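Novice: Quick one: this structure, given as structure tokens, is what I'll be asking you about.
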Amino acid sequence: MKKIISTLLFLVISTVFVWAQGTAQIYFEKTTHDFGIFYEDQPKVTCKFKFTNTGDGPLVIHQAIASCGCTVPKYPKEPIRPGETGEITVTYDGTGKFPGHFRKTVTLRTNAKDEITRLIIEGDMQPANARVE
């Protein structure tokens with residue numbers, strides 16, 4: 001009998017603890033970025049995606065996965081408290097890539113209400129000799 005009561009008490013306390021933490025919600029000012037035209041003699045371009053935790057619990061970004069190795073995301077590893085802001089920095093490196101249009105994604109896994117968020121970058125890398133002066 002004591003074992004059942006102890007287990008039941010543990011479940012109630014665990015449930016209250018999880019409920020009291022609240023739910024995170026991630027809101028981005030924008031989820032796409034267009035670099036426009038840039039040239040292969042300067043193949044690295046970077047942008048920032050700003051976000052806010054609009055929920056009532058701490059936001060944790062578990063992973064930021066790029067669709068290829070030429071795209072590198074950097075994200076905050078510490079929890080973002082409700083009302084606080086943060087940013088994801090995404091760098092595209094076109095070194096050794098063929099000139100032309102590209103479109104890449106970064107998939108974020110978080111503890112937010114919507115667990116998956118996709119950020120999109122795109123641009124048009126032109127040959128260096130195509131530069132108009």
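In the structure tokens, chains take the letters A, B, ... in the order shown, each chain's residues start at 1, and ligands count up from 1 in the order shown.
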Per DSSP on the backbone, what are the helix (DSSP H, G or I) residues of range 19-131 of chain A, as a PyMOL selection string?
Specialist: chain A and resi 19-21+128-130
Novice: Which neighbours of range 56-65 of chain A fall inside 7 Å, counting only C-alpha atoms, when residues of the same chain fewer than 4 positions from it are skipped, and could you give them as a PyMOL selection string?
Specialist: chain A and resi 21-24+73+77-82+106-112
Novice: For those residues, write N, CA, C and O atoms to a file as a tab-separated table (two decimals), in the first residue's frame.
Specialist:
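What landed in again34.tsv:
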chain	number	residue	atom	x	y	z
A	21	GLN	N	6.47	24.60	-15.38
A	21	GLN	CA	7.53	25.15	-16.21
A	21	GLN	C	7.00	25.93	-17.40
A	21	GLN	O	7.68	26.78	-17.93
A	22	GLY	N	5.78	25.70	-17.83
A	22	GLY	CA	5.23	26.42	-18.96
A	22	GLY	C	5.69	25.86	-20.29
A	22	GLY	O	6.45	24.89	-20.35
A	23	THR	N	5.25	26.50	-21.35
A	23	THR	CA	5.56	26.06	-22.70
A	23	THR	C	6.29	27.17	-23.44
A	23	THR	O	5.85	28.32	-23.44
A	24	ALA	N	7.39	26.83	-24.07
A	24	ALA	CA	8.13	27.79	-24.88
A	24	ALA	C	7.44	27.95	-26.23
A	24	ALA	O	6.77	27.04	-26.71
A	73	PRO	N	25.02	26.68	-39.38
A	73	PRO	CA	24.25	27.49	-38.44
A	73	PRO	C	24.94	27.56	-37.08
A	73	PRO	O	25.59	26.61	-36.65
A	77	LYS	N	23.21	27.99	-27.07
A	77	LYS	CA	23.13	26.69	-26.40
A	77	LYS	C	22.41	26.79	-25.05
A	77	LYS	O	21.91	25.80	-24.54
A	78	GLU	N	22.36	28.00	-24.48
A	78	GLU	CA	21.69	28.18	-23.19
A	78	GLU	C	20.21	28.45	-23.40
A	78	GLU	O	19.80	28.96	-24.45
A	79	PRO	N	19.37	28.11	-22.41
A	79	PRO	CA	17.92	28.36	-22.54
A	79	PRO	C	17.63	29.86	-22.67
A	79	PRO	O	18.30	30.69	-22.07
A	80	ILE	N	16.62	30.16	-23.46
A	80	ILE	CA	16.14	31.53	-23.65
A	80	ILE	C	14.88	31.68	-22.81
A	80	ILE	O	13.89	30.98	-23.04
A	81	ARG	N	14.91	32.59	-21.85
A	81	ARG	CA	13.76	32.77	-20.96
A	81	ARG	C	12.60	33.44	-21.68
A	81	ARG	O	12.80	34.11	-22.70
A	82	PRO	N	11.38	33.30	-21.16
A	82	PRO	CA	10.22	33.95	-21.77
A	82	PRO	C	10.45	35.45	-21.93
A	82	PRO	O	10.95	36.11	-21.02
A	106	VAL	N	17.80	25.26	-42.96
A	106	VAL	CA	18.31	24.92	-41.63
A	106	VAL	C	17.10	24.50	-40.81
A	106	VAL	O	16.14	25.27	-40.68
A	107	THR	N	17.12	23.29	-40.30
A	107	THR	CA	16.01	22.77	-39.52
A	107	THR	C	16.37	22.86	-38.04
A	107	THR	O	17.39	22.33	-37.62
A	108	LEU	N	15.52	23.56	-37.29
A	108	LEU	CA	15.72	23.70	-35.85
A	108	LEU	C	14.82	22.72	-35.11
A	108	LEU	O	13.63	22.62	-35.41
A	109	ARG	N	15.40	22.02	-34.14
A	109	ARG	CA	14.63	21.18	-33.22
A	109	ARG	C	14.66	21.87	-31.87
A	109	ARG	O	15.75	22.13	-31.33
A	110	THR	N	13.48	22.19	-31.32
A	110	THR	CA	13.39	22.92	-30.05
A	110	THR	C	12.40	22.24	-29.13
A	110	THR	O	11.72	21.29	-29.52
A	111	ASN	N	12.27	22.78	-27.94
A	111	ASN	CA	11.25	22.32	-27.01
A	111	ASN	C	10.00	23.17	-27.09
A	111	ASN	O	9.13	23.09	-26.24
A	112	ALA	N	9.89	24.01	-28.11
A	112	ALA	CA	8.74	24.90	-28.27
A	112	ALA	C	7.48	24.11	-28.63
A	112	ALA	O	7.55	22.93	-28.99
Novice: Given only C-alpha atoms as the basis, pick out the residue of A:Phe98, A:Tyr92, A:Phe35, A:Phe51 nearest to Ser67 in chain A.
Specialist: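 That would be A:Tyr92, the residue with the smallest distance to Ser67 in chain A.
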Novice: Restricting the calculation to only C-alpha atoms: of A:Lys50, A:Arg103, A:Arg131, A:Lys113, which residue gets closest to Tyr75 in chain A?
Specialist: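 With only C-alpha atoms as the atom set, the closest residue is A:Lys50.
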Novice: Using only C-alpha atoms, which of A:Ile26, A:Val132, A:Ile120, A:Val90 sits nearest Tyr39 in chain A?
Specialist: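 Of A:Ile26, A:Val132, A:Ile120, A:Val90, the one nearest Tyr39 in chain A is A:Val132, counting only C-alpha atoms.
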Novice: Taking into account only C-alpha atoms, which residue in the set A:Thr31, A:Thr89, A:Thr95, A:Asn129 is nearest to Thr46 in chain A?
Specialist: A:Thr89
Novice: Find the residue from A:Lys3, A:Lys30, A:Lys74, A:Arg118 that sits nearest to Lys104 in chain A; use only C-alpha atoms when measuring.
Specialist: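 The answer is A:Arg118, which sits nearest to Lys104 in chain A.
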Novice: Between A:Cys47, A:Ile37, A:Ala66, A:Val72, single out the one closest to Gln126 in chain A, counting only C-alpha atoms.
Specialist: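 Residue with the minimum atom-to-atom distance to Gln126 in chain A: A:Ile37.
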Novice: Work out how far apart CA of Pro43 in chain A and CA of Ile88 in chain A are and give it in Å to one decimal.
Specialist: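 Value for the CA of Pro43 in chain A-CA of Ile88 in chain A distance: 19.9 Å.
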